[in-house]
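As structure tokens, the structure follows; a few thoughts come after it.
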Amino acid sequence: MDTDTKVLDENIVAQFSTQQINTYFSLYLKNANAIIDNLQSDLDSNNIEAIRQRAHKLKGSSMVVGAMAMKNLAQEIEEAAKEKRPIEGEKLTQLKDSFQKLTDVLQQRYNLTYQRGA
């Protein structure tokens with residue numbers, strides 16, 4: 001993954017009100033967490049089409065909220081699935097790490113908390 005990729009594009013976030021940030025990111029984090037968990041299951045069962053669909057959904061929602069590192073990783077996973085290339089477990093690990101970094105940034109900058117499984 002490109003280490004210069006922003007975890008969060010502040011230019012996109014700046015377009016949202018505080019209420020929108022709370023609403024959008026609460027929903028985004030809940031959905032992204034579920035998608036990541038499901039991607040792991042899909043990877044374990046080698047369900048390439050489900051991986052492609054979930055990665056596509058995550059890519060789009062990440063782009064909307066400005067979670068650029070998540071968007072880029074989801075796009076890499078989607079393209080690999082689309083081309084029927086093996087999806088490295090490392091990509092999913094990077095996605096999980098990026099998700100954690102994003103939740104940390106949202107906590108620090110916007111005081112937005114997210115608990116896994118909440």
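Going through the structure tokens in order, the chains are called A, B, and so on, while each chain numbers its residues from 1 and the ligands are numbered from 1 in the order shown.
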For this session: Using DSSP on the backbone coordinates, identify all residues within chain A classified as alpha helix (DSSP H); present the result as a ChimeraX atom specification.
Result: /A:10-13,18-44,48-65,68-82,89-110
Problem set entry | All residues 6 Å or closer to segment 38-52 of chain A, only C-alpha atoms, same chain fewer than 2 positions away omitted, as a list in words |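 My reading of the contact set: Ile35, Ile36, Arg54, Ala55, Glu78 and Ala81 of chain A.
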When you look at Thr93 of chain A with a cut-off of 12 Å (counting only C-alpha atoms), what residues show up, excluding the ones that are within fewer than 4 positions of it in the same chain? I need them as a CSV table (one decimal) with N, CA and C atoms, in the first residue's frame.
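As written to disk, out19.csv reads:
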chain,number,residue,atom,x,y,z
A,1,MET,N,0.9,-1.2,0.0
A,1,MET,CA,0.0,0.0,0.0
A,1,MET,C,0.9,1.2,0.0
A,36,ILE,N,-15.6,-6.0,6.6
A,36,ILE,CA,-14.3,-6.6,6.8
A,36,ILE,C,-14.4,-8.0,7.4
A,37,ASP,N,-15.3,-8.2,8.4
A,37,ASP,CA,-15.5,-9.5,9.0
A,37,ASP,C,-16.0,-10.5,8.0
A,39,LEU,N,-15.6,-10.2,4.7
A,39,LEU,CA,-14.5,-10.5,3.7
A,39,LEU,C,-13.6,-11.6,4.3
A,40,GLN,N,-13.3,-11.6,5.5
A,40,GLN,CA,-12.5,-12.7,6.1
A,40,GLN,C,-13.2,-14.0,5.9
A,43,LEU,N,-13.0,-14.9,2.2
A,43,LEU,CA,-11.6,-15.3,1.9
A,43,LEU,C,-11.4,-16.8,2.3
A,70,MET,N,-8.6,3.2,3.1
A,70,MET,CA,-9.6,2.1,3.0
A,70,MET,C,-10.1,1.9,1.6
A,73,LEU,N,-7.3,0.2,-0.6
A,73,LEU,CA,-7.2,-1.2,-0.3
A,73,LEU,C,-8.4,-2.0,-0.8
A,74,ALA,N,-9.6,-1.5,-0.6
A,74,ALA,CA,-10.8,-2.2,-1.1
A,74,ALA,C,-10.7,-2.3,-2.6
A,77,ILE,N,-8.4,-5.1,-3.6
A,77,ILE,CA,-9.0,-6.4,-3.3
A,77,ILE,C,-10.1,-6.7,-4.4
A,87,ILE,N,-6.2,-13.5,-3.7
A,87,ILE,CA,-6.3,-12.3,-2.8
A,87,ILE,C,-5.4,-12.7,-1.5
A,88,GLU,N,-4.4,-11.9,-1.3
A,88,GLU,CA,-3.5,-12.2,-0.3
A,88,GLU,C,-4.1,-11.9,1.1
A,89,GLY,N,-3.9,-12.7,2.0
A,89,GLY,CA,-4.4,-12.5,3.4
A,89,GLY,C,-3.8,-11.2,3.9
A,97,ASP,N,-5.9,-3.0,9.7
A,97,ASP,CA,-5.0,-2.0,10.2
A,97,ASP,C,-5.4,-0.6,9.9
A,98,SER,N,-5.8,-0.4,8.6
A,98,SER,CA,-6.3,0.9,8.1
A,98,SER,C,-7.6,1.3,8.8
A,99,PHE,N,-8.5,0.3,9.1
A,99,PHE,CA,-9.7,0.6,9.8
A,99,PHE,C,-9.4,1.1,11.2
A,100,GLN,N,-8.4,0.4,11.8
A,100,GLN,CA,-8.0,0.8,13.2
A,100,GLN,C,-7.5,2.2,13.2
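Once segment 103-107 of chain A and its same-chain neighbours fewer than 4 positions away are set aside, Val7, Leu8, Ile21, Asn22, Phe25, Leu29, Asp97, Ser98, Phe99, Asn111, Leu112, Thr113, Tyr114 and Gln115 of chain A remain within 10 Å of it when counting only C-alpha atoms.
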